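A.B. asks: Got a file for you: structure.cif, mmCIF, C-alpha atoms.
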```cif
data_upload
#
loop_
_atom_site.label_atom_id
_atom_site.label_comp_id
_atom_site.auth_asym_id
_atom_site.auth_seq_id
_atom_site.Cartn_x
_atom_site.Cartn_y
_atom_site.Cartn_z
CA MET A 1 0.00 0.00 0.00
CA PRO A 2 1.21 3.56 -0.61
CA ASN A 3 3.05 5.30 2.20
CA PRO A 4 1.54 8.77 2.97
CA ARG A 5 4.70 9.93 4.76
CA ARG A 6 6.83 8.98 1.78
CA SER A 7 4.37 10.76 -0.52
CA ALA A 8 4.69 13.95 1.53
CA SER A 9 8.50 13.78 1.38
CA HIS A 10 8.31 13.34 -2.40
CA ALA A 11 6.16 16.47 -2.69
CA ALA A 12 8.51 18.52 -0.52
CA LEU A 13 11.56 17.39 -2.50
CA PHE A 14 9.88 18.11 -5.84
CA VAL A 15 8.79 21.62 -4.84
CA GLY A 16 12.23 22.37 -3.41
CA LEU A 17 14.04 21.30 -6.57
CA MET A 18 11.67 23.34 -8.73
CA LEU A 19 12.31 26.41 -6.56
CA VAL A 20 16.06 25.89 -6.83
CA ALA A 21 15.77 25.74 -10.62
CA GLY A 22 13.59 28.84 -10.66
CA GLY A 23 15.95 30.70 -8.34
CA ALA A 24 18.91 29.85 -10.56
CA ARG A 25 17.15 31.32 -13.56
CA GLY A 26 16.11 34.48 -11.71
CA GLN A 27 19.67 35.16 -10.60
CA ALA A 28 21.00 34.63 -14.13
CA VAL A 29 18.56 37.11 -15.61
CA ALA A 30 19.44 39.68 -12.94
CA ASP A 31 23.18 39.32 -13.59
CA VAL A 32 23.16 39.40 -17.39
CA ALA A 33 20.36 40.26 -19.77
CA ALA A 34 20.61 37.42 -22.30
CA PRO A 35 20.09 38.48 -25.93
CA ALA A 36 16.83 37.38 -27.49
CA ALA A 37 17.23 34.37 -29.77
CA PRO A 38 15.66 34.40 -33.22
CA ALA A 39 12.07 33.13 -33.20
CA SER A 40 12.98 30.42 -35.69
CA VAL A 41 15.49 28.94 -33.23
CA THR A 42 14.02 29.52 -29.77
CA PRO A 43 10.50 30.96 -29.52
CA ASP A 44 9.80 33.59 -26.90
CA TYR A 45 7.78 31.22 -24.72
CA ALA A 46 5.20 32.61 -22.33
CA ILE A 47 6.54 30.18 -19.70
CA PRO A 48 10.24 30.70 -18.74
CA ASP A 49 12.40 28.00 -20.33
CA PHE A 50 15.33 28.38 -17.91
CA THR A 51 17.90 28.55 -20.71
CA ALA A 52 20.12 30.74 -18.49
CA LEU A 53 20.53 27.80 -16.11
CA THR A 54 23.46 26.63 -18.25
CA ARG A 55 25.65 29.25 -16.56
CA TYR A 56 25.26 27.45 -13.21
CA LEU A 57 25.80 23.87 -14.37
CA PRO A 58 29.34 22.51 -14.30
CA SER A 59 30.79 21.56 -17.68
CA LEU A 60 34.16 20.62 -19.10
CA ASP A 61 35.56 20.67 -22.63
CA THR A 62 39.29 19.96 -23.00
CA ARG A 63 41.52 17.90 -25.26
CA PHE A 64 41.46 15.21 -22.58
CA GLY A 65 37.67 14.90 -22.55
CA SER A 66 34.37 16.67 -21.95
CA LEU A 67 31.53 16.69 -19.40
CA ALA A 68 27.97 18.01 -19.48
CA LEU A 69 25.01 17.68 -17.11
CA GLY A 70 21.37 16.92 -17.83
CA LEU A 71 18.51 17.21 -15.32
CA GLU A 72 15.01 15.72 -15.16
CA LEU A 73 12.22 16.38 -12.64
CA ILE A 74 8.79 14.74 -12.85
CA GLY A 75 6.05 15.06 -10.23
CA ASP A 76 2.71 13.19 -10.35
CA TYR A 77 -0.53 13.44 -8.42
CA THR A 78 -3.03 10.59 -8.89
CA VAL A 79 -6.67 10.44 -7.83
CA PHE A 80 -8.41 7.04 -7.60
CA ARG A 81 -12.07 6.00 -7.56
CA GLN A 82 -12.90 2.30 -7.14
CA ASN A 83 -15.99 0.16 -6.92
CA ASP A 84 -16.34 -2.41 -4.14
CA ILE A 85 -15.14 -5.27 -6.32
CA SER A 86 -11.93 -3.41 -7.16
CA ILE A 87 -11.26 -2.72 -3.48
CA GLY A 88 -11.69 -6.42 -2.78
CA GLN A 89 -9.23 -7.31 -5.53
CA VAL A 90 -6.37 -4.87 -4.87
CA GLY A 91 -7.28 -2.94 -1.72
CA VAL A 92 -7.92 0.78 -1.38
CA GLN A 93 -5.77 2.94 -3.66
CA ASN A 94 -4.97 6.24 -1.95
CA ASP A 95 -4.82 9.61 -3.72
CA GLN A 96 -1.25 10.83 -3.47
CA PHE A 97 1.69 12.76 -4.88
CA GLU A 98 4.85 11.02 -6.06
CA MET A 99 8.24 12.24 -7.18
CA ARG A 100 8.05 10.06 -10.28
CA SER A 101 11.59 10.82 -11.36
CA ALA A 102 14.46 13.07 -10.37
CA SER A 103 17.59 12.28 -12.32
CA ILE A 104 21.00 13.65 -13.17
CA ASP A 105 22.87 12.57 -16.31
CA VAL A 106 26.57 13.15 -16.90
CA THR A 107 27.66 12.70 -20.52
CA GLY A 108 30.75 13.49 -22.51
CA GLN A 109 33.69 12.11 -24.44
CA LEU A 110 36.93 10.51 -23.29
CA GLY A 111 40.14 11.75 -24.86
CA PRO A 112 40.58 14.02 -27.86
CA LYS A 113 38.59 11.87 -30.31
CA PRO A 114 34.76 12.00 -30.38
CA TRP A 115 34.30 8.27 -30.93
CA ILE A 116 34.68 7.33 -27.25
CA THR A 117 31.85 8.67 -25.10
CA TYR A 118 30.32 7.87 -21.73
CA LYS A 119 27.11 8.29 -19.76
CA VAL A 120 26.44 8.16 -16.02
CA GLY A 121 22.82 8.40 -14.87
CA ILE A 122 21.57 8.62 -11.29
CA GLU A 123 17.83 8.56 -10.69
CA TYR A 124 15.46 8.91 -7.76
CA ASN A 125 12.82 6.16 -7.86
CA GLY A 126 13.15 5.59 -11.58
CA PHE A 127 11.53 3.04 -13.86
CA ASN A 128 11.72 -0.53 -12.54
CA VAL A 129 14.21 0.13 -9.76
CA ASN A 130 14.16 -1.11 -6.19
CA GLN A 131 11.58 1.07 -4.45
CA ASP A 132 13.37 0.58 -1.13
CA ASP A 133 16.42 2.45 -2.47
CA THR A 134 16.18 6.23 -2.66
CA TRP A 135 18.79 6.76 -5.40
CA ASN A 136 19.84 4.29 -8.09
CA VAL A 137 22.46 4.18 -10.82
CA THR A 138 20.48 3.77 -14.04
CA ASP A 139 23.28 4.24 -16.57
CA LEU A 140 27.00 3.61 -16.25
CA ALA A 141 28.34 2.95 -19.71
CA VAL A 142 31.16 3.64 -22.14
CA ASN A 143 30.24 3.92 -25.83
CA LEU A 144 32.37 3.39 -28.93
CA GLU A 145 31.27 5.02 -32.19
CA LEU A 146 32.66 3.14 -35.19
CA ASP A 147 32.28 3.22 -38.98
CA HIS A 148 31.72 7.00 -39.04
CA GLY A 149 28.97 6.77 -36.45
CA ARG A 150 27.01 3.95 -38.11
CA THR A 151 27.97 1.43 -35.43
CA LEU A 152 27.62 2.08 -31.72
CA VAL A 153 28.98 -0.29 -29.04
CA LYS A 154 27.68 0.23 -25.50
CA MET A 155 29.32 -1.43 -22.48
CA GLY A 156 28.21 -1.24 -18.86
CA GLN A 157 24.87 -0.67 -17.15
CA ILE A 158 22.62 -0.15 -20.16
CA LYS A 159 18.97 0.14 -21.10
CA GLY A 160 17.46 -2.88 -22.87
CA ASN A 161 16.67 -2.87 -26.59
CA PHE A 162 13.33 -4.71 -26.40
CA SER A 163 10.04 -2.82 -26.88
CA TYR A 164 9.66 0.65 -28.39
CA GLU A 165 8.37 2.08 -25.09
CA VAL A 166 11.49 0.95 -23.25
CA VAL A 167 14.06 1.89 -25.90
CA GLY A 168 12.60 5.39 -26.09
CA SER A 169 12.35 7.87 -23.24
CA PHE A 170 8.91 8.14 -21.66
CA VAL A 171 9.46 11.87 -21.05
CA LYS A 172 9.25 12.33 -24.85
CA MET A 173 6.20 10.17 -25.52
CA PRO A 174 2.51 11.13 -25.52
CA GLN A 175 1.64 8.55 -22.85
CA SER A 176 2.45 9.15 -19.19
CA GLU A 177 3.27 5.54 -18.29
CA ARG A 178 4.43 2.46 -20.21
CA THR A 179 2.25 -0.59 -20.89
CA MET A 180 5.00 -3.02 -21.96
CA SER A 181 7.12 -2.75 -18.80
CA PRO A 182 6.12 -6.22 -17.43
CA PHE A 183 7.83 -7.85 -20.40
CA ALA A 184 11.01 -5.78 -20.62
CA ALA A 185 14.45 -5.85 -19.02
CA PRO A 186 15.10 -2.09 -18.92
CA ARG A 187 18.58 -1.78 -17.39
CA ASN A 188 21.16 -4.49 -16.77
CA PRO A 189 24.95 -4.84 -17.04
CA GLY A 190 25.94 -5.99 -20.50
CA VAL A 191 27.09 -5.15 -24.02
CA MET A 192 24.98 -3.79 -26.90
CA ILE A 193 25.82 -3.24 -30.56
CA ILE A 194 23.66 -0.96 -32.72
CA HIS A 195 24.18 -0.60 -36.46
CA VAL A 196 22.46 1.75 -38.93
CA PHE A 197 21.93 0.35 -42.44
CA GLY A 198 21.59 2.03 -45.82
CA ALA A 199 22.93 5.19 -47.41
CA ASP A 200 20.01 7.19 -46.05
CA LYS A 201 19.97 5.40 -42.66
CA ARG A 202 16.48 3.95 -42.94
CA MET A 203 17.09 0.70 -40.98
CA THR A 204 18.65 -0.21 -37.64
CA GLY A 205 19.67 -3.48 -36.05
CA SER A 206 20.80 -4.08 -32.48
CA ILE A 207 21.79 -7.01 -30.33
CA ALA A 208 22.59 -7.09 -26.61
CA ALA A 209 23.87 -9.64 -24.12
CA TYR A 210 23.24 -8.89 -20.45
CA LYS A 211 23.14 -10.28 -16.94
CA ASP A 212 19.63 -10.18 -15.47
CA GLN A 213 19.72 -8.38 -12.10
CA ALA A 214 16.13 -9.23 -11.17
CA GLU A 215 16.04 -11.00 -7.81
CA SER A 216 13.93 -13.86 -9.18
CA ALA A 217 16.26 -14.42 -12.16
CA GLY A 218 19.18 -15.56 -10.00
CA GLY A 219 21.79 -13.64 -12.02
CA SER A 220 21.07 -15.51 -15.27
CA PHE A 221 22.19 -14.31 -18.67
CA GLY A 222 20.00 -13.31 -21.57
CA PHE A 223 20.08 -11.56 -24.90
CA ALA A 224 17.87 -9.20 -26.86
CA ALA A 225 17.66 -8.10 -30.49
CA ARG A 226 15.68 -5.39 -32.29
CA GLY A 227 15.32 -4.36 -35.90
CA THR A 228 13.56 -1.26 -37.25
CA ALA A 229 12.76 0.18 -40.65
CA LEU A 230 11.65 3.60 -41.79
CA VAL A 231 9.48 2.16 -44.53
CA TRP A 232 7.91 5.38 -45.74
CA GLY A 233 8.53 9.11 -45.56
CA ALA A 234 11.45 11.44 -44.93
CA PRO A 235 11.05 12.89 -41.42
CA GLY A 236 14.23 14.93 -41.70
CA ASN A 237 12.51 17.06 -44.33
CA GLY A 238 9.49 17.79 -42.16
CA ASN A 239 7.32 15.11 -43.79
CA GLY A 240 5.28 12.31 -42.28
CA TYR A 241 6.76 8.84 -41.82
CA LEU A 242 5.94 5.20 -41.01
CA HIS A 243 8.20 3.22 -38.66
CA LEU A 244 7.96 -0.56 -38.19
CA GLY A 245 9.98 -2.77 -35.86
CA ALA A 246 10.32 -6.20 -34.30
CA SER A 247 12.24 -7.38 -31.25
CA LEU A 248 13.20 -10.51 -29.34
CA LEU A 249 14.13 -10.93 -25.69
CA HIS A 250 15.43 -14.23 -24.29
CA SER A 251 15.79 -14.85 -20.57
CA GLY A 252 18.03 -17.74 -19.59
CA SER A 253 16.72 -17.92 -16.04
CA ASP A 254 16.38 -21.49 -14.75
CA THR A 255 15.24 -20.45 -11.28
CA ALA A 256 12.14 -18.25 -11.15
CA ALA A 257 10.23 -15.54 -12.99
CA ARG A 258 7.57 -13.01 -12.08
CA TYR A 259 5.36 -10.83 -14.27
CA ARG A 260 3.31 -7.95 -12.85
CA ALA A 261 1.95 -4.57 -13.91
CA LYS A 262 0.45 -1.34 -12.61
CA PRO A 263 -2.34 0.19 -14.71
CA GLY A 264 -1.27 3.69 -15.73
CA SER A 265 0.02 5.11 -12.44
CA ASP A 266 3.24 4.33 -10.60
CA VAL A 267 1.65 4.88 -7.17
CA ALA A 268 -0.99 2.18 -7.77
CA ASP A 269 -0.52 -1.32 -6.41
CA TYR A 270 0.22 -4.12 -8.87
CA TYR A 271 -3.14 -5.00 -10.40
CA VAL A 272 -1.93 -8.11 -12.24
CA ASP A 273 0.75 -10.31 -10.72
CA THR A 274 1.79 -13.91 -11.36
CA GLY A 275 3.94 -14.15 -8.23
CA ASP A 276 7.23 -16.05 -8.43
CA PHE A 277 7.07 -19.37 -10.28
CA ALA A 278 9.78 -21.82 -11.36
CA VAL A 279 10.90 -21.55 -15.00
CA ASN A 280 13.33 -23.00 -17.49
CA GLY A 281 13.74 -19.81 -19.52
CA ALA A 282 11.44 -17.49 -21.46
CA ASN A 283 11.22 -15.87 -24.88
CA HIS A 284 9.50 -12.54 -25.58
CA PHE A 285 8.47 -11.39 -29.05
CA GLY A 286 7.40 -7.85 -29.91
CA LEU A 287 6.01 -5.93 -32.87
CA GLU A 288 5.85 -2.12 -33.04
CA ALA A 289 4.56 0.56 -35.39
CA LEU A 290 4.55 4.35 -35.44
CA TYR A 291 2.84 6.52 -38.04
CA SER A 292 3.35 10.28 -37.83
CA ASN A 293 1.63 12.59 -40.29
CA VAL A 294 2.03 16.24 -41.22
CA GLY A 295 -0.51 18.20 -39.22
CA GLY A 296 0.38 16.74 -35.83
CA TRP A 297 -1.42 13.38 -36.11
CA SER A 298 0.28 10.17 -34.99
CA VAL A 299 -0.66 6.57 -34.22
CA GLN A 300 1.57 4.27 -32.16
CA SER A 301 1.06 0.60 -31.29
CA GLU A 302 2.85 -2.43 -29.86
CA TYR A 303 2.06 -6.10 -29.31
CA VAL A 304 4.18 -8.36 -27.08
CA VAL A 305 3.85 -12.04 -26.22
CA ALA A 306 5.91 -13.84 -23.56
CA ARG A 307 6.29 -17.61 -23.98
CA VAL A 308 7.50 -18.99 -20.69
CA ASP A 309 8.60 -22.55 -19.89
CA ALA A 310 7.01 -22.98 -16.46
CA VAL A 311 8.39 -25.99 -14.57
CA ASP A 312 5.14 -27.03 -12.88
CA SER A 313 2.56 -26.14 -15.51
CA GLY A 314 4.33 -26.38 -18.86
CA LYS A 315 4.34 -23.67 -21.51
CA VAL A 316 2.40 -20.51 -20.65
CA ASN A 317 1.80 -17.40 -22.76
CA PHE A 318 1.35 -13.84 -21.46
CA ARG A 319 0.67 -10.85 -23.66
CA GLY A 320 0.33 -7.10 -23.78
CA PHE A 321 -1.01 -4.65 -26.34
CA TYR A 322 -1.76 -0.97 -26.81
CA ILE A 323 -2.81 1.41 -29.53
CA LEU A 324 -2.38 5.13 -29.01
CA GLY A 325 -3.45 8.12 -31.06
CA SER A 326 -2.35 11.71 -30.54
CA TRP A 327 -3.04 15.04 -32.20
CA VAL A 328 -0.91 18.14 -31.64
CA LEU A 329 -3.37 20.95 -32.27
CA THR A 330 -0.69 23.41 -33.40
CA GLY A 331 0.70 21.00 -35.99
CA GLU A 332 4.14 20.06 -34.59
CA PHE A 333 5.22 16.44 -34.71
CA ARG A 334 8.07 14.50 -33.13
CA PRO A 335 11.34 14.25 -35.08
CA TYR A 336 12.69 10.80 -35.87
CA ASN A 337 16.02 9.50 -34.57
CA ARG A 338 17.47 7.25 -37.27
CA THR A 339 20.09 5.79 -34.91
CA THR A 340 17.75 4.57 -32.17
CA GLY A 341 14.65 4.06 -34.33
CA THR A 342 12.46 6.17 -32.03
CA ALA A 343 10.67 9.52 -32.10
CA GLY A 344 12.19 12.46 -30.29
CA ARG A 345 10.77 15.16 -28.03
CA LEU A 346 8.08 17.50 -29.26
CA GLU A 347 9.45 21.01 -29.78
CA PRO A 348 6.73 23.69 -29.70
CA LYS A 349 7.08 26.48 -32.23
CA GLY A 350 4.75 29.12 -30.81
CA ARG A 351 4.79 31.40 -27.78
CA TRP A 352 2.06 29.42 -26.00
CA GLY A 353 3.55 26.01 -26.64
CA ALA A 354 1.82 23.00 -28.17
CA PRO A 355 -1.33 21.30 -26.80
CA GLU A 356 -1.68 17.58 -27.56
CA LEU A 357 -4.78 15.37 -27.27
CA VAL A 358 -4.08 11.72 -26.48
CA ALA A 359 -6.24 8.57 -26.47
CA ARG A 360 -5.04 5.06 -25.70
CA TYR A 361 -6.42 1.55 -25.26
CA SER A 362 -4.13 -0.93 -23.50
CA MET A 363 -4.32 -4.50 -22.24
CA VAL A 364 -2.09 -6.80 -20.18
CA ASP A 365 -3.08 -10.47 -19.83
CA LEU A 366 -1.18 -12.61 -17.31
CA ASP A 367 -3.68 -15.50 -17.29
CA SER A 368 -2.40 -18.68 -18.89
CA GLY A 369 -2.94 -22.30 -17.87
CA ALA A 370 -2.42 -22.88 -14.17
CA ILE A 371 -0.93 -19.40 -13.68
CA GLN A 372 -3.67 -16.82 -13.14
CA GLY A 373 -2.04 -13.43 -12.64
CA GLY A 374 -5.07 -11.48 -13.86
CA ARG A 375 -6.00 -9.42 -16.88
CA TYR A 376 -6.69 -5.70 -17.16
CA GLN A 377 -7.93 -3.39 -19.89
CA ARG A 378 -7.52 0.36 -19.69
CA VAL A 379 -8.81 3.33 -21.68
CA ASP A 380 -7.09 6.73 -21.39
CA LEU A 381 -8.06 10.21 -22.53
CA GLY A 382 -5.51 12.94 -21.89
CA LEU A 383 -4.21 16.41 -22.65
CA ASN A 384 -0.53 17.35 -22.75
CA TRP A 385 0.61 20.95 -22.82
CA TRP A 386 4.18 21.12 -24.08
CA ALA A 387 4.67 24.66 -22.79
CA THR A 388 8.33 24.91 -23.89
CA THR A 389 11.15 22.62 -24.94
CA GLN A 390 11.60 21.83 -21.22
CA TRP A 391 8.19 22.13 -19.52
CA LYS A 392 5.23 19.81 -19.90
CA LEU A 393 1.94 19.68 -17.99
CA GLY A 394 -0.20 16.61 -18.59
CA VAL A 395 -3.58 15.40 -17.32
CA VAL A 396 -4.89 11.95 -18.21
CA ALA A 397 -8.12 10.30 -17.09
CA GLY A 398 -8.38 6.53 -17.31
CA ARG A 399 -10.70 3.64 -16.54
CA VAL A 400 -9.36 0.18 -15.69
CA TRP A 401 -11.33 -3.07 -15.89
CA LEU A 402 -9.57 -5.77 -13.86
CA ASP A 403 -10.55 -9.44 -14.32
CA ARG A 404 -9.10 -11.35 -11.39
CA PHE A 405 -10.28 -13.83 -8.75
CA GLY A 406 -13.34 -14.61 -10.87
CA VAL A 407 -14.78 -11.07 -10.79
CA GLN A 408 -14.33 -7.76 -12.63
CA GLY A 409 -13.48 -4.60 -10.71
CA VAL A 410 -13.46 -1.04 -12.02
CA THR A 411 -11.01 1.75 -11.13
CA ASP A 412 -11.08 5.33 -12.40
CA THR A 413 -7.91 7.41 -12.21
CA VAL A 414 -6.87 10.98 -12.95
CA LEU A 415 -3.11 11.53 -13.17
CA THR A 416 -1.66 15.05 -13.30
CA ARG A 417 2.00 15.41 -14.24
CA LEU A 418 4.42 18.34 -14.14
CA GLN A 419 7.64 17.66 -16.00
CA TRP A 420 10.83 19.67 -16.45
CA VAL A 421 13.67 18.25 -18.52
CA TYR A 422 16.94 20.01 -19.22
#
```
Would you give me this structure, written as structure tokens?
C.D. replies:
Amino acid sequence: MPNPRRSASHAALFVGLMLVAGGARGQAVADVAAPAAPASVTPDYAIPDFTALTRYLPSLDTRFGSLALGLELIGDYTVFRQNDISIGQVGVQNDQFEMRSASIDVTGQLGPKPWITYKVGIEYNGFNVNQDDTWNVTDLAVNLELDHGRTLVKMGQIKGNFSYEVVGSFVKMPQSERTMSPFAAPRNPGVMIIHVFGADKRMTGSIAAYKDQAESAGGSFGFAARGTALVWGAPGNGNGYLHLGASLLHSGSDTAARYRAKPGSDVADYYVDTGDFAVNGANHFGLEALYSNVGGWSVQSEYVVARVDAVDSGKVNFRGFYILGSWVLTGEFRPYNRTTGTAGRLEPKGRWGAPELVARYSMVDLDSGAIQGGRYQRVDLGLNWWATTQWKLGVVAGRVWLDRFGVQGVTDTVLTRLQWVY
């Protein structure tokens, strides 16, 4: 169950960090009046974008290497309404604030050549980390760029390359929370190779070998692979595009596995949960698609199936699916990263930012054979206001139908998010 005292500490920390950021900007403006940037480069946003904060962040650029900092603050407040059946299934879900993420990234290059880079990421209660630990190292990797940047080798604590939602950053996406997280291995120690194919860089392929740090996996090894194709369009020229991809994730665990998911809010309890069960390995298969059109329209979808060799009950299959549509009313659309095969962050062009309407249907089914972890369906309707390149305010209302223990419970949620990314 949520901890009210912890929720209050999250709120205090979030407000304090926001005030520090705001104070830093106010001091910078008082010291030096920064020249106005051309409207075509940086719009004169109605909401301060804190660009002057760069003067107060440590950086380094020498012939021996470089260093730069990145910051991310995300605060959520979720309201729940449940019927009696839902309360009987998962208990009372309390309205509360959460510091969803507070992270610091250190990036740069090693030595005089740009082909050796590094990244260190430290995050407060990030995605799929131990909730008993306050701070966690999410990234600790050295990267080698080969073949004129077409091949990237990552070594260290790295993010997995299975599922579009996990490969991309959720701070850039229309949705507030991921659906595919029960099936992914987001960050583990290992090695990953990414290669970009074609003269115009329209295809990517990646493969990773890693050690699974999940407690139930017993330190087993696994591998993942993902391939993407930009099958239509030229996003670099401001046109629409169609992205397709497929991925594979193999877990070599011969001890235990556990699949579980929260429906659209990180402060909710796990609504579907298989509990630990003995396995002899598992294979996950995923398909992904993203269509982005001129005029701000986009459609994004994924389907994942997990085929698990359960020791006591034989082969079991779990699955997840979502389809999401968004419309940016002012016409902007997300740029496409040809190296990672994902869409980038929305960059508003006007003074008052870019409003985005979002609708999503999602499903996670953890019922198979003798293992009955439950099944939920969720419908979301939301509004994002990308106020600047750094600020986002989002509100999403959702309804969850949970089929578990032979009955169906209903939960309504409203999640409000304030996000600042530098």
A.B. asks: Can you translate the PyMOL selection byres ((chain A and resi 419) around 10) into the concrete residues it hits in this file, as number ranges by chain?
C.D. replies: A: 72-76, 100-102, 171, 386, 390-394, 417-418, 420-421
A.B. asks: Could you spell out the hits of the PyMOL selection byres ((chain A and resi 359-361) around 8) on the shown file, as a PyMOL selection string?
C.D. replies: chain A and resi 322-326+357-358+362-363+377-382
A.B. asks: Selected by the PyMOL selection byres ((chain A and resi 265) around 8) in the shown coordinates: which residues, as a list in words?
C.D. replies: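 Taken on the displayed file, the PyMOL selection byres ((chain A and resi 265) around 8) yields the residues Thr78, Glu177, Lys262, Pro263, Gly264, Asp266, Val267, Ala268 and Leu415 of chain A.
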A.B. asks: Could you jot down the atom CA of A:Asp273 to atom CA of A:Gly168 separation for me, Å, one decimal place?
C.D. replies: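 Computed distance, atom CA of A:Asp273 to atom CA of A:Gly168, equals 25.0 Å.
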A.B. asks: What is the distance between atom CA of A:Gly296 and atom CA of A:Thr330, in Å to one decimal?
C.D. replies: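 These two atoms are separated by 7.2 Å.
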A.B. asks: Just want the 7 Å neighbourhood of A:Gln93, counted on all atoms listed in the file, with same-chain residues fewer than 2 positions away dropped. Output as number ranges by chain.
C.D. replies: A: 80, 91, 95, 268
